[in-house]
file structure_8.cif (mmCIF, C-alpha atoms, pLDDT in the B column; chains and numbers go by the auth columns)
data_work
#
loop_
_atom_site.group_PDB
_atom_site.id
_atom_site.type_symbol
_atom_site.label_atom_id
_atom_site.label_comp_id
_atom_site.label_asym_id
_atom_site.label_seq_id
_atom_site.Cartn_x
_atom_site.Cartn_y
_atom_site.Cartn_z
_atom_site.B_iso_or_equiv
_atom_site.auth_seq_id
_atom_site.auth_asym_id
ATOM 1 C CA ILE A 1 -99.538 76.701 374.513 94.00 1 A
ATOM 2 C CA SER A 2 -98.119 76.593 370.993 92.00 2 A
ATOM 3 C CA VAL A 3 -94.654 78.058 370.465 94.00 3 A
ATOM 4 C CA MET A 4 -93.777 78.953 366.865 90.00 4 A
ATOM 5 C CA GLY A 5 -91.431 81.009 364.748 88.00 5 A
ATOM 6 C CA GLN A 6 -87.737 81.266 365.600 89.00 6 A
ATOM 7 C CA THR A 7 -87.898 78.457 368.170 90.00 7 A
ATOM 8 C CA ASN A 8 -87.977 74.669 368.075 88.00 8 A
ATOM 9 C CA GLY A 9 -91.724 74.890 367.398 84.00 9 A
ATOM 10 C CA THR A 10 -93.422 72.899 370.094 89.00 10 A
ATOM 11 C CA VAL A 11 -96.479 72.682 372.307 92.00 11 A
ATOM 12 C CA VAL A 12 -96.036 73.288 376.025 92.00 12 A
ATOM 13 C CA GLN A 13 -98.549 72.074 378.594 93.00 13 A
ATOM 14 C CA TRP A 14 -100.297 75.026 380.247 94.00 14 A
ATOM 15 C CA SER A 15 -100.256 75.292 384.018 95.00 15 A
ATOM 16 C CA PRO A 16 -101.615 78.090 386.226 96.00 16 A
ATOM 17 C CA GLY A 17 -99.220 81.019 386.460 96.00 17 A
ATOM 18 C CA VAL A 18 -96.897 79.872 383.652 97.00 18 A
ATOM 19 C CA ARG A 19 -94.896 82.765 382.243 96.00 19 A
ATOM 20 C CA LEU A 20 -93.563 83.606 378.794 96.00 20 A
ATOM 21 C CA THR A 21 -89.912 83.081 379.712 95.00 21 A
ATOM 22 C CA GLU A 22 -90.716 79.660 381.191 95.00 22 A
ATOM 23 C CA VAL A 23 -92.530 78.565 378.038 96.00 23 A
ATOM 24 C CA LEU A 24 -89.706 79.806 375.821 95.00 24 A
ATOM 25 C CA ALA A 25 -87.179 77.931 377.969 94.00 25 A
ATOM 26 C CA MET A 26 -89.284 74.745 377.839 93.00 26 A
ATOM 27 C CA SER A 27 -89.406 75.026 374.054 92.00 27 A
ATOM 28 C CA GLY A 28 -85.631 75.235 373.739 93.00 28 A
ATOM 29 C CA GLY A 29 -85.227 79.011 373.703 92.00 29 A
ATOM 30 C CA ILE A 30 -85.083 81.551 370.909 90.00 30 A
ATOM 31 C CA HIS A 31 -83.012 80.673 367.846 89.00 31 A
ATOM 32 C CA VAL A 32 -80.118 82.895 366.776 84.00 32 A
ATOM 33 C CA GLY A 33 -82.222 84.635 364.094 82.00 33 A
ATOM 34 C CA GLY A 34 -85.097 85.360 366.478 88.00 34 A
ATOM 35 C CA ASP A 35 -85.970 88.886 367.572 89.00 35 A
ATOM 36 C CA LYS A 36 -86.007 89.005 371.386 91.00 36 A
ATOM 37 C CA ASN A 37 -87.619 92.444 371.165 91.00 37 A
ATOM 38 C CA ASP A 38 -90.597 91.291 369.083 90.00 38 A
ATOM 39 C CA ILE A 39 -92.464 88.348 370.584 92.00 39 A
ATOM 40 C CA ARG A 40 -96.139 88.021 369.630 91.00 40 A
ATOM 41 C CA ILE A 41 -98.742 86.407 371.840 92.00 41 A
ATOM 42 C CA VAL A 42 -101.924 85.474 369.988 91.00 42 A
ATOM 43 C CA ARG A 43 -104.882 84.981 372.289 92.00 43 A
ATOM 44 C CA GLY A 44 -108.590 84.299 371.964 87.00 44 A
ATOM 45 C CA PRO A 45 -111.052 82.705 369.569 82.00 45 A
ATOM 46 C CA ILE A 46 -110.794 83.222 365.818 81.00 46 A
ATOM 47 C CA ASP A 47 -113.609 85.790 365.735 83.00 47 A
ATOM 48 C CA ALA A 48 -112.063 87.843 368.564 85.00 48 A
ATOM 49 C CA THR A 49 -108.328 87.200 368.334 87.00 49 A
ATOM 50 C CA ARG A 50 -106.004 89.638 370.045 90.00 50 A
ATOM 51 C CA VAL A 51 -102.303 89.940 369.343 91.00 51 A
ATOM 52 C CA TYR A 52 -99.977 91.281 372.011 91.00 52 A
ATOM 53 C CA THR A 53 -96.369 92.275 371.433 90.00 53 A
ATOM 54 C CA THR A 54 -93.752 91.955 374.130 92.00 54 A
ATOM 55 C CA SER A 55 -89.986 91.974 374.500 92.00 55 A
ATOM 56 C CA VAL A 56 -88.069 89.227 376.274 91.00 56 A
ATOM 57 C CA ARG A 57 -85.067 91.543 376.340 90.00 57 A
ATOM 58 C CA ASP A 58 -87.114 94.077 378.337 92.00 58 A
ATOM 59 C CA VAL A 59 -88.191 91.332 380.757 90.00 59 A
ATOM 60 C CA ILE A 60 -84.559 90.296 381.264 87.00 60 A
ATOM 61 C CA ASP A 61 -83.497 93.935 381.727 90.00 61 A
ATOM 62 C CA GLY A 62 -86.286 94.463 384.295 88.00 62 A
ATOM 63 C CA GLU A 63 -88.058 97.039 382.104 90.00 63 A
ATOM 64 C CA SER A 64 -91.208 94.936 381.603 88.00 64 A
ATOM 65 C CA HIS A 65 -93.078 92.167 383.399 91.00 65 A
ATOM 66 C CA ASP A 66 -92.985 88.513 382.382 93.00 66 A
ATOM 67 C CA VAL A 67 -96.341 87.886 380.707 93.00 67 A
ATOM 68 C CA GLU A 68 -98.600 85.228 382.217 96.00 68 A
ATOM 69 C CA LEU A 69 -99.905 82.917 379.517 96.00 69 A
ATOM 70 C CA TYR A 70 -103.348 81.333 379.211 95.00 70 A
ATOM 71 C CA PRO A 71 -104.612 78.049 377.780 94.00 71 A
ATOM 72 C CA GLY A 72 -104.680 78.172 373.987 91.00 72 A
ATOM 73 C CA ASP A 73 -102.175 81.032 373.666 92.00 73 A
ATOM 74 C CA VAL A 74 -99.821 80.987 370.709 92.00 74 A
ATOM 75 C CA VAL A 75 -96.346 82.434 371.240 93.00 75 A
ATOM 76 C CA PHE A 76 -94.677 83.515 368.006 92.00 76 A
ATOM 77 C CA VAL A 77 -91.011 84.586 367.907 91.00 77 A
ATOM 78 C CA THR A 78 -90.435 86.811 364.881 87.00 78 A
ATOM 79 C CA ASP A 79 -87.314 87.000 362.704 82.00 79 A
ATOM 80 C CA HIS A 80 -84.816 89.686 363.597 72.00 80 A
ATOM 81 C CA TRP A 81 -84.513 92.224 360.759 60.00 81 A
ATOM 82 C CA ILE A 82 -80.828 91.373 360.367 53.00 82 A
ATOM 83 C CA GLU A 83 -81.866 87.755 359.681 49.00 83 A
ATOM 84 C CA ASP A 84 -84.086 88.956 356.836 50.00 84 A
ATOM 85 C CA PHE A 85 -81.255 91.187 355.578 50.00 85 A
ATOM 86 C CA GLY A 86 -78.905 88.196 355.657 49.00 86 A
ATOM 87 C CA GLU A 87 -81.352 86.126 353.608 52.00 87 A
ATOM 88 C CA VAL A 88 -81.584 88.897 351.006 48.00 88 A
ATOM 89 C CA VAL A 89 -77.797 89.209 350.800 49.00 89 A
ATOM 90 C CA SER A 90 -77.467 85.424 350.461 57.00 90 A
ATOM 91 C CA ALA A 91 -80.006 85.415 347.651 55.00 91 A
ATOM 92 C CA LEU A 92 -78.229 88.270 345.879 53.00 92 A
ATOM 93 C CA ALA A 93 -74.690 86.921 346.407 56.00 93 A
ATOM 94 C CA PRO A 94 -74.482 85.008 343.099 63.00 94 A
ATOM 95 C CA ILE A 95 -75.695 88.054 341.138 56.00 95 A
ATOM 96 C CA LEU A 96 -73.335 90.396 342.998 50.00 96 A
ATOM 97 C CA SER A 97 -70.459 87.972 342.456 62.00 97 A
ATOM 98 C CA LEU A 98 -71.204 87.735 338.751 58.00 98 A
ATOM 99 C CA SER A 99 -71.418 91.538 338.455 55.00 99 A
ATOM 100 C CA PHE A 100 -68.119 91.958 340.309 56.00 100 A
ATOM 101 C CA SER A 101 -66.452 89.328 338.109 65.00 101 A
ATOM 102 C CA ALA A 102 -67.726 91.016 334.937 58.00 102 A
ATOM 103 C CA ALA A 103 -66.497 94.412 336.157 59.00 103 A
ATOM 104 C CA ALA A 104 -63.073 92.962 337.076 62.00 104 A
ATOM 105 C CA LEU A 105 -62.787 91.268 333.672 65.00 105 A
ATOM 106 C CA THR A 106 -63.728 94.489 331.872 71.00 106 A
ATOM 107 C CA PHE A 107 -61.170 96.439 333.917 64.00 107 A
ATOM 108 C CA ALA A 108 -58.461 93.837 333.214 68.00 108 A
ATOM 109 C CA LEU A 109 -59.200 93.810 329.477 67.00 109 A
ATOM 110 C CA ASP A 110 -59.264 97.624 329.288 69.00 110 A
ATOM 111 C CA ASN A 111 -56.027 97.820 331.261 65.00 111 A
ATOM 112 C CA ASN A 112 -54.401 95.156 329.066 60.00 112 A
ATOM 113 C CA LEU A 113 -55.452 96.900 325.845 53.00 113 A
ATOM 114 C CA SER A 114 -54.133 100.283 326.995 55.00 114 A
ATOM 115 C CA THR A 115 -50.719 98.823 327.911 56.00 115 A
ATOM 116 C CA THR A 116 -50.327 96.989 324.596 53.00 116 A
ATOM 117 C CA GLN A 117 -51.046 100.038 322.432 56.00 117 A
#

call {"tool": "encode", "arguments": {"input": "structure_8.cif", "output": "structure tokens"}}
result
Amino acid sequence: ISVMGQTNGTVVQWSPGVRLTEVLAMSGGIHVGGDKNDIRIVRGPIDATRVYTTSVRDVIDGESHDVELYPGDVVFVTDHWIEDFGEVVSALAPILSLSFSAAALTFALDNNLSTTQ
């Protein structure tokens, strides 16, 4: 069973009755940026692949059952939307900082000119 996405990215040996939470634990768990409510299980051959979505949080809360995995399954832990938002903010930070600095400089110059006249 391949475990990918917001995990340590590993392969876990399949055994009869192995469950999603067991496989995630064996792979080191879900990283901080992983979405516990959006776990994808990819199953089947390439020409008939099926993708299932489940929530580890629901399993923990007792609202859903712990999915039994099969040989060849791929478990993919998606990014949490806040992780994506954080990446966007990080990418924009230099631009926002520059804009703020330019606005502060303009304000200071305007304020300085009005007090000297």

call {"tool": "residues_around", "arguments": {"input": "structure_8.cif", "residues": "Val42 of chain A", "least_positions_apart": "2", "cutoff": "10 Å", "atoms": "only C-alpha atoms", "output": "ChimeraX atom specification"}}
result
/A:2,39-40,44-45,49-53,72-76

call {"tool": "atom_distance", "arguments": {"input": "structure_8.cif", "atom1": "atom CA of Arg19 of chain A", "atom2": "atom CA of Val3 of chain A"}}
result
12.7 Å

call {"tool": "closest_residue", "arguments": {"input": "structure_8.cif", "among": "A:Ile46, A:Val67, A:Val56, A:Leu24", "to": "Val12 of chain A", "atoms": "all atoms listed in the file"}}
result
A:Leu24

call {"tool": "closest_residue", "arguments": {"input": "structure_8.cif", "among": "A:Thr21, A:Thr78, A:Ser27, A:Asn37", "to": "His65 of chain A", "atoms": "all atoms listed in the file"}}
result
A:Thr21

call {"tool": "resolve_selection", "arguments": {"input": "structure_8.cif", "expression": "the PyMOL selection byres ((chain A and resi 14) around 6)", "output": "list in words"}}
result
Gln13, Ser15 and Pro71 of chain A

call {"tool": "closest_residue", "arguments": {"input": "structure_8.cif", "among": "A:Glu68, A:Ile30, A:Thr106, A:Ile60", "to": "Pro16 of chain A", "atoms": "only C-alpha atoms"}}
result
A:Glu68

call {"tool": "atom_distance", "arguments": {"input": "structure_8.cif", "atom1": "atom CA of His31 of chain A", "atom2": "atom CA of His80 of chain A"}}
result
10.1 Å

call {"tool": "atom_distance", "arguments": {"input": "structure_8.cif", "atom1": "atom CA of Met26 of chain A", "atom2": "atom CA of Gln6 of chain A"}}
result
14.0 Å
